[in-house]
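Trainee: Got a file for you: my_file-v3.cif, mmCIF, N, CA and C atoms.
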data_model
loop_
_atom_site.label_atom_id
_atom_site.label_comp_id
_atom_site.auth_asym_id
_atom_site.auth_seq_id
_atom_site.Cartn_x
_atom_site.Cartn_y
_atom_site.Cartn_z
N MET A 1 -43.30 50.81 -73.94
CA MET A 1 -41.94 51.23 -74.22
C MET A 1 -41.06 50.83 -73.03
N ASN A 2 -39.94 50.15 -73.31
CA ASN A 2 -39.04 49.76 -72.23
C ASN A 2 -38.03 50.87 -71.96
N LEU A 3 -37.26 50.72 -70.88
CA LEU A 3 -36.33 51.77 -70.48
C LEU A 3 -35.26 52.03 -71.54
N LYS A 4 -34.74 50.99 -72.15
CA LYS A 4 -33.68 51.15 -73.15
C LYS A 4 -34.18 52.00 -74.33
N SER A 5 -35.37 51.72 -74.82
CA SER A 5 -35.90 52.50 -75.95
C SER A 5 -36.26 53.92 -75.51
N MET A 6 -36.70 54.09 -74.26
CA MET A 6 -37.00 55.44 -73.75
C MET A 6 -35.73 56.28 -73.68
N LEU A 7 -34.64 55.70 -73.16
CA LEU A 7 -33.38 56.43 -73.11
C LEU A 7 -32.88 56.76 -74.51
N TYR A 8 -33.04 55.82 -75.44
CA TYR A 8 -32.61 56.06 -76.81
C TYR A 8 -33.43 57.16 -77.47
N SER A 9 -34.72 57.18 -77.22
CA SER A 9 -35.61 58.18 -77.84
C SER A 9 -35.52 59.55 -77.20
N TYR A 10 -35.45 59.60 -75.88
CA TYR A 10 -35.55 60.87 -75.17
C TYR A 10 -34.26 61.31 -74.47
N GLY A 11 -33.29 60.44 -74.39
CA GLY A 11 -32.06 60.76 -73.68
C GLY A 11 -31.12 61.63 -74.47
N ARG A 12 -30.14 62.18 -73.77
CA ARG A 12 -29.08 62.98 -74.38
C ARG A 12 -27.85 62.11 -74.57
N GLN A 13 -27.03 62.46 -75.55
CA GLN A 13 -25.76 61.77 -75.75
C GLN A 13 -24.83 62.16 -74.59
N VAL A 14 -24.35 61.18 -73.86
CA VAL A 14 -23.51 61.41 -72.69
C VAL A 14 -22.22 60.62 -72.86
N GLU A 15 -21.14 61.19 -72.35
CA GLU A 15 -19.85 60.51 -72.36
C GLU A 15 -19.36 60.36 -70.93
N LEU A 16 -18.88 59.18 -70.60
CA LEU A 16 -18.20 58.95 -69.32
C LEU A 16 -16.72 59.06 -69.61
N CYS A 17 -16.06 60.01 -68.97
CA CYS A 17 -14.65 60.32 -69.25
C CYS A 17 -13.80 60.17 -67.99
N ASN A 18 -12.53 59.89 -68.22
CA ASN A 18 -11.55 59.93 -67.13
C ASN A 18 -10.34 60.72 -67.62
N SER A 19 -9.25 60.70 -66.87
CA SER A 19 -8.08 61.49 -67.23
C SER A 19 -7.45 61.05 -68.55
N GLU A 20 -7.77 59.86 -69.01
CA GLU A 20 -7.22 59.35 -70.28
C GLU A 20 -8.12 59.65 -71.47
N GLY A 21 -9.35 60.13 -71.24
CA GLY A 21 -10.26 60.44 -72.33
C GLY A 21 -11.62 59.79 -72.15
N VAL A 22 -12.34 59.63 -73.26
CA VAL A 22 -13.70 59.09 -73.24
C VAL A 22 -13.65 57.57 -73.06
N LYS A 23 -14.38 57.07 -72.04
CA LYS A 23 -14.47 55.63 -71.79
C LYS A 23 -15.67 55.02 -72.47
N GLU A 24 -16.82 55.70 -72.35
CA GLU A 24 -18.09 55.18 -72.86
C GLU A 24 -18.93 56.31 -73.44
N LYS A 25 -19.73 55.99 -74.46
CA LYS A 25 -20.73 56.92 -75.00
C LYS A 25 -22.07 56.20 -74.93
N PHE A 26 -23.09 56.92 -74.46
CA PHE A 26 -24.40 56.30 -74.28
C PHE A 26 -25.46 57.39 -74.15
N LYS A 27 -26.71 57.00 -74.04
CA LYS A 27 -27.82 57.94 -73.86
C LYS A 27 -28.32 57.86 -72.42
N ALA A 28 -28.65 59.03 -71.86
CA ALA A 28 -29.17 59.10 -70.49
C ALA A 28 -30.06 60.34 -70.37
N LEU A 29 -30.86 60.37 -69.33
CA LEU A 29 -31.69 61.53 -69.03
C LEU A 29 -30.97 62.39 -68.00
N ILE A 30 -30.90 63.69 -68.25
CA ILE A 30 -30.33 64.64 -67.30
C ILE A 30 -31.29 65.81 -67.20
N GLN A 31 -31.76 66.08 -65.98
CA GLN A 31 -32.68 67.20 -65.79
C GLN A 31 -32.33 67.96 -64.52
N PRO A 32 -32.56 69.27 -64.51
CA PRO A 32 -32.22 70.07 -63.33
C PRO A 32 -33.06 69.67 -62.12
N LEU A 33 -32.42 69.71 -60.96
CA LEU A 33 -33.15 69.53 -59.71
C LEU A 33 -33.60 70.89 -59.22
N ARG A 34 -34.80 70.99 -58.81
CA ARG A 34 -35.34 72.24 -58.28
C ARG A 34 -35.55 72.07 -56.79
N TYR A 35 -34.94 72.95 -56.02
CA TYR A 35 -35.05 72.91 -54.56
C TYR A 35 -35.86 74.10 -54.08
N LYS A 36 -36.73 73.85 -53.13
CA LYS A 36 -37.48 74.94 -52.51
C LYS A 36 -36.56 75.82 -51.68
N ASN A 37 -35.64 75.18 -50.97
CA ASN A 37 -34.75 75.90 -50.08
C ASN A 37 -33.31 75.60 -50.49
N LYS A 38 -32.65 76.54 -51.15
CA LYS A 38 -31.32 76.31 -51.67
C LYS A 38 -30.20 76.66 -50.68
N MET A 39 -30.53 76.93 -49.42
CA MET A 39 -29.52 77.40 -48.50
C MET A 39 -28.41 76.39 -48.23
N TYR A 40 -28.64 75.09 -48.48
CA TYR A 40 -27.61 74.11 -48.23
C TYR A 40 -26.83 73.73 -49.49
N LEU A 41 -27.11 74.38 -50.60
CA LEU A 41 -26.37 74.12 -51.83
C LEU A 41 -25.26 75.15 -51.95
N ASP A 42 -24.04 74.67 -52.10
CA ASP A 42 -22.89 75.56 -52.19
C ASP A 42 -22.76 76.14 -53.58
N GLY A 43 -22.08 77.26 -53.64
CA GLY A 43 -21.74 77.89 -54.90
C GLY A 43 -20.31 78.37 -54.82
N ILE A 44 -19.77 78.77 -55.98
CA ILE A 44 -18.41 79.29 -56.01
C ILE A 44 -18.35 80.50 -56.93
N TYR A 45 -17.32 81.32 -56.78
CA TYR A 45 -17.13 82.47 -57.64
C TYR A 45 -16.25 82.08 -58.81
N THR A 46 -16.65 82.49 -60.00
CA THR A 46 -15.90 82.21 -61.22
C THR A 46 -15.48 83.53 -61.85
N GLU A 47 -14.79 83.47 -62.97
CA GLU A 47 -14.36 84.68 -63.66
C GLU A 47 -15.53 85.57 -64.06
N ILE A 48 -16.66 84.98 -64.32
CA ILE A 48 -17.81 85.78 -64.75
C ILE A 48 -18.84 85.99 -63.64
N GLY A 49 -18.50 85.61 -62.41
CA GLY A 49 -19.41 85.84 -61.29
C GLY A 49 -19.73 84.58 -60.52
N PHE A 50 -20.79 84.63 -59.72
CA PHE A 50 -21.18 83.53 -58.85
C PHE A 50 -21.87 82.43 -59.65
N ASN A 51 -21.50 81.19 -59.38
CA ASN A 51 -22.13 80.05 -60.01
C ASN A 51 -22.67 79.17 -58.90
N SER A 52 -23.96 78.87 -58.95
CA SER A 52 -24.58 78.09 -57.89
C SER A 52 -24.32 76.60 -58.03
N GLN A 53 -23.51 76.20 -59.02
CA GLN A 53 -23.21 74.80 -59.27
C GLN A 53 -24.49 73.98 -59.32
N GLY A 54 -25.20 74.12 -60.42
CA GLY A 54 -26.46 73.42 -60.60
C GLY A 54 -26.37 71.93 -60.36
N HIS A 55 -27.33 71.42 -59.66
CA HIS A 55 -27.44 69.99 -59.40
C HIS A 55 -28.48 69.41 -60.35
N TYR A 56 -28.21 68.19 -60.84
CA TYR A 56 -29.06 67.56 -61.82
C TYR A 56 -29.35 66.12 -61.43
N LEU A 57 -30.51 65.64 -61.87
CA LEU A 57 -30.87 64.24 -61.71
C LEU A 57 -30.44 63.52 -62.98
N TYR A 58 -29.74 62.42 -62.81
CA TYR A 58 -29.29 61.58 -63.91
C TYR A 58 -30.00 60.25 -63.82
N ILE A 59 -30.54 59.77 -64.92
CA ILE A 59 -31.08 58.42 -65.02
C ILE A 59 -30.45 57.79 -66.25
N GLY A 60 -29.71 56.70 -66.03
CA GLY A 60 -28.99 56.09 -67.13
C GLY A 60 -29.09 54.58 -67.14
N PRO A 61 -28.52 53.97 -68.16
CA PRO A 61 -28.62 52.52 -68.33
C PRO A 61 -27.86 51.76 -67.25
N PRO A 62 -28.33 50.55 -66.93
CA PRO A 62 -27.69 49.76 -65.88
C PRO A 62 -26.28 49.31 -66.24
N GLU A 63 -25.96 49.26 -67.54
CA GLU A 63 -24.63 48.81 -67.97
C GLU A 63 -23.53 49.80 -67.59
N ILE A 64 -23.87 51.08 -67.45
CA ILE A 64 -22.90 52.11 -67.09
C ILE A 64 -23.05 52.34 -65.58
N ASP A 65 -22.26 51.63 -64.81
CA ASP A 65 -22.41 51.61 -63.35
C ASP A 65 -21.67 52.79 -62.70
N LEU A 66 -22.37 53.90 -62.54
CA LEU A 66 -21.77 55.08 -61.91
C LEU A 66 -21.49 54.87 -60.43
N THR A 67 -22.09 53.85 -59.82
CA THR A 67 -21.81 53.58 -58.41
C THR A 67 -20.37 53.10 -58.23
N ALA A 68 -19.76 52.62 -59.30
CA ALA A 68 -18.37 52.14 -59.23
C ALA A 68 -17.41 53.10 -59.93
N ALA A 69 -17.86 54.31 -60.23
CA ALA A 69 -17.02 55.28 -60.93
C ALA A 69 -15.83 55.70 -60.07
N ALA A 70 -14.68 55.82 -60.71
CA ALA A 70 -13.48 56.28 -60.02
C ALA A 70 -13.56 57.78 -59.75
N ASP A 71 -12.71 58.28 -58.86
CA ASP A 71 -12.72 59.69 -58.50
C ASP A 71 -12.44 60.62 -59.68
N ASP A 72 -11.67 60.14 -60.66
CA ASP A 72 -11.32 61.01 -61.79
C ASP A 72 -12.34 60.93 -62.93
N GLU A 73 -13.41 60.16 -62.77
CA GLU A 73 -14.40 60.01 -63.84
C GLU A 73 -15.48 61.09 -63.74
N ILE A 74 -15.82 61.65 -64.90
CA ILE A 74 -16.86 62.66 -64.98
C ILE A 74 -17.79 62.33 -66.14
N LEU A 75 -18.95 62.97 -66.15
CA LEU A 75 -19.87 62.86 -67.27
C LEU A 75 -19.79 64.13 -68.09
N SER A 76 -20.01 64.02 -69.38
CA SER A 76 -20.01 65.18 -70.25
C SER A 76 -21.18 65.06 -71.21
N ALA A 77 -21.93 66.16 -71.38
CA ALA A 77 -23.05 66.19 -72.31
C ALA A 77 -23.22 67.62 -72.82
N ASP A 78 -23.34 67.77 -74.12
CA ASP A 78 -23.55 69.09 -74.74
C ASP A 78 -22.49 70.11 -74.31
N GLY A 79 -21.25 69.67 -74.15
CA GLY A 79 -20.17 70.57 -73.80
C GLY A 79 -20.10 70.95 -72.33
N ILE A 80 -20.93 70.34 -71.50
CA ILE A 80 -20.94 70.62 -70.06
C ILE A 80 -20.41 69.39 -69.34
N SER A 81 -19.52 69.60 -68.37
CA SER A 81 -18.97 68.51 -67.58
C SER A 81 -19.68 68.45 -66.23
N TYR A 82 -19.89 67.23 -65.75
CA TYR A 82 -20.60 67.01 -64.49
C TYR A 82 -19.80 66.09 -63.59
N GLN A 83 -19.74 66.44 -62.32
CA GLN A 83 -19.16 65.61 -61.29
C GLN A 83 -20.26 64.70 -60.75
N ILE A 84 -19.93 63.47 -60.45
CA ILE A 84 -20.90 62.52 -59.91
C ILE A 84 -20.84 62.64 -58.39
N ASP A 85 -21.89 63.20 -57.78
CA ASP A 85 -21.90 63.38 -56.32
C ASP A 85 -22.39 62.13 -55.60
N ARG A 86 -23.41 61.48 -56.15
CA ARG A 86 -23.98 60.30 -55.52
C ARG A 86 -24.65 59.46 -56.59
N ALA A 87 -24.50 58.16 -56.53
CA ALA A 87 -25.13 57.27 -57.50
C ALA A 87 -25.63 56.01 -56.79
N GLU A 88 -26.75 55.51 -57.26
CA GLU A 88 -27.33 54.30 -56.69
C GLU A 88 -27.96 53.45 -57.79
N LYS A 89 -28.01 52.16 -57.53
CA LYS A 89 -28.68 51.23 -58.44
C LYS A 89 -30.15 51.15 -58.05
N VAL A 90 -31.02 51.12 -59.06
CA VAL A 90 -32.45 50.93 -58.84
C VAL A 90 -32.81 49.57 -59.44
N TYR A 91 -33.42 48.74 -58.61
CA TYR A 91 -33.69 47.36 -59.02
C TYR A 91 -35.14 47.16 -59.44
N LYS A 92 -35.32 46.23 -60.37
CA LYS A 92 -36.64 45.71 -60.74
C LYS A 92 -36.51 44.21 -60.49
N GLY A 93 -37.08 43.76 -59.40
CA GLY A 93 -36.86 42.38 -58.99
C GLY A 93 -35.42 42.21 -58.53
N GLU A 94 -34.71 41.27 -59.11
CA GLU A 94 -33.32 41.01 -58.74
C GLU A 94 -32.31 41.67 -59.68
N LYS A 95 -32.80 42.31 -60.75
CA LYS A 95 -31.91 42.91 -61.74
C LYS A 95 -31.85 44.43 -61.59
N VAL A 96 -30.69 44.99 -61.90
CA VAL A 96 -30.55 46.44 -61.90
C VAL A 96 -31.35 46.97 -63.10
N PHE A 97 -32.29 47.87 -62.82
CA PHE A 97 -33.17 48.42 -63.85
C PHE A 97 -32.57 49.67 -64.47
N TYR A 98 -32.01 50.56 -63.63
CA TYR A 98 -31.31 51.75 -64.10
C TYR A 98 -30.42 52.28 -63.00
N ILE A 99 -29.56 53.24 -63.37
CA ILE A 99 -28.70 53.91 -62.40
C ILE A 99 -29.23 55.32 -62.19
N TRP A 100 -29.38 55.70 -60.95
CA TRP A 100 -29.87 57.01 -60.53
C TRP A 100 -28.69 57.74 -59.91
N ALA A 101 -28.54 59.04 -60.24
CA ALA A 101 -27.42 59.78 -59.66
C ALA A 101 -27.78 61.26 -59.51
N ILE A 102 -27.10 61.90 -58.58
CA ILE A 102 -27.11 63.35 -58.45
C ILE A 102 -25.77 63.81 -59.01
N ILE A 103 -25.82 64.67 -60.01
CA ILE A 103 -24.59 65.18 -60.62
C ILE A 103 -24.58 66.70 -60.52
N ARG A 104 -23.40 67.27 -60.65
CA ARG A 104 -23.23 68.72 -60.45
C ARG A 104 -22.31 69.26 -61.53
N THR A 105 -22.65 70.44 -62.06
CA THR A 105 -21.79 71.04 -63.08
C THR A 105 -20.42 71.36 -62.48
N ILE A 106 -19.41 71.21 -63.30
CA ILE A 106 -18.04 71.51 -62.91
C ILE A 106 -17.68 72.86 -63.49
N VAL A 107 -17.23 73.75 -62.62
CA VAL A 107 -16.81 75.09 -63.06
C VAL A 107 -15.43 75.40 -62.49
N GLN A 108 -14.72 76.30 -63.15
CA GLN A 108 -13.39 76.73 -62.68
C GLN A 108 -13.55 77.74 -61.57
N GLU A 109 -12.84 77.51 -60.48
CA GLU A 109 -12.86 78.46 -59.35
C GLU A 109 -11.87 79.60 -59.61
N VAL A 110 -12.17 80.77 -59.06
CA VAL A 110 -11.29 81.92 -59.12
C VAL A 110 -10.80 82.21 -57.72
N TYR A 111 -9.53 82.46 -57.56
CA TYR A 111 -8.97 82.73 -56.24
C TYR A 111 -8.54 84.14 -56.11
#
Will you turn the file into structure tokens for me?

Mentor:
Amino acid sequence: MNLKSMLYSYGRQVELCNSEGVKEKFKALIQPLRYKNKMYLDGIYTEIGFNSQGHYLYIGPPEIDLTAAADDEILSADGISYQIDRAEKVYKGEKVFYIWAIIRTIVQEVY
């Protein structure tokens, strides 16, 4: 099974959005990151309490280059919006094989 068919079979429907709306729709893998020591992960207070701003691992197709994403671009899947914190290209030989990223849920802050 190649990466494209794996993403199609096991991936979630994801949208890359900017301030103007949806730019791209595609399939990608998104899974929670588990940290042994969470002391360096920030959280914020929301209307319903403290949110640790979950961090997730994203693996997506090479055609959707999150390394070149603009500041106003976010990912959306299953009604949840994610900020792109860091993205890198993973190569197989000389070609980009997939895009790897650390993404974080976006929540409204309360002041």

Trainee: For this structure, which residues satisfy the selection - the PyMOL selection byres ((chain A and resi 12) around 5) - when it is evaluated on the file as given? I want them as a PyMOL selection string.

Mentor: chain A and resi 10-11+13-14+27-29

Trainee: Any idea what the distance is between atom CA of A:Tyr56 and atom C of A:Gly93?

Mentor: 26.3 Å

Trainee: Given the file shown, determine the residues that the PyMOL selection byres ((chain A and resi 86) around 8) selects; report them as a list in words.

Mentor: Leu66, Thr67, Gln83, Ile84, Asp85, Ala87, Glu88, Trp100, Ala101, Ile102, Ile103 and Arg104 of chain A

Trainee: Convert the output of the PyMOL selection byres (((chain A and resi 61-64 and name CA) around 12) and name CA) on the shown file into explicit residues, formatted as an MDAnalysis selection string.

Mentor: chainID A and resid 2:8 11 14:17 23:29 58:60 65:69 75 87:92 95:101

Trainee: Could you tell me how far atom C of A:Ile106 lies from atom CA of A:Gly54, in Å and to one decimal?

Mentor: 9.3 Å

Trainee: Of the candidates A:Met1, A:Leu57, A:Glu73, A:Gly79, which one gets nearest to A:Glu20 if we count only C-alpha atoms?

Mentor: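 The shortest atom-to-atom distance to A:Glu20 comes from A:Glu73.
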
Trainee: Can you measure atom C of A:Ile30 to atom N of A:Ser76 for me? One decimal in Å is fine.

Mentor: 11.6 Å
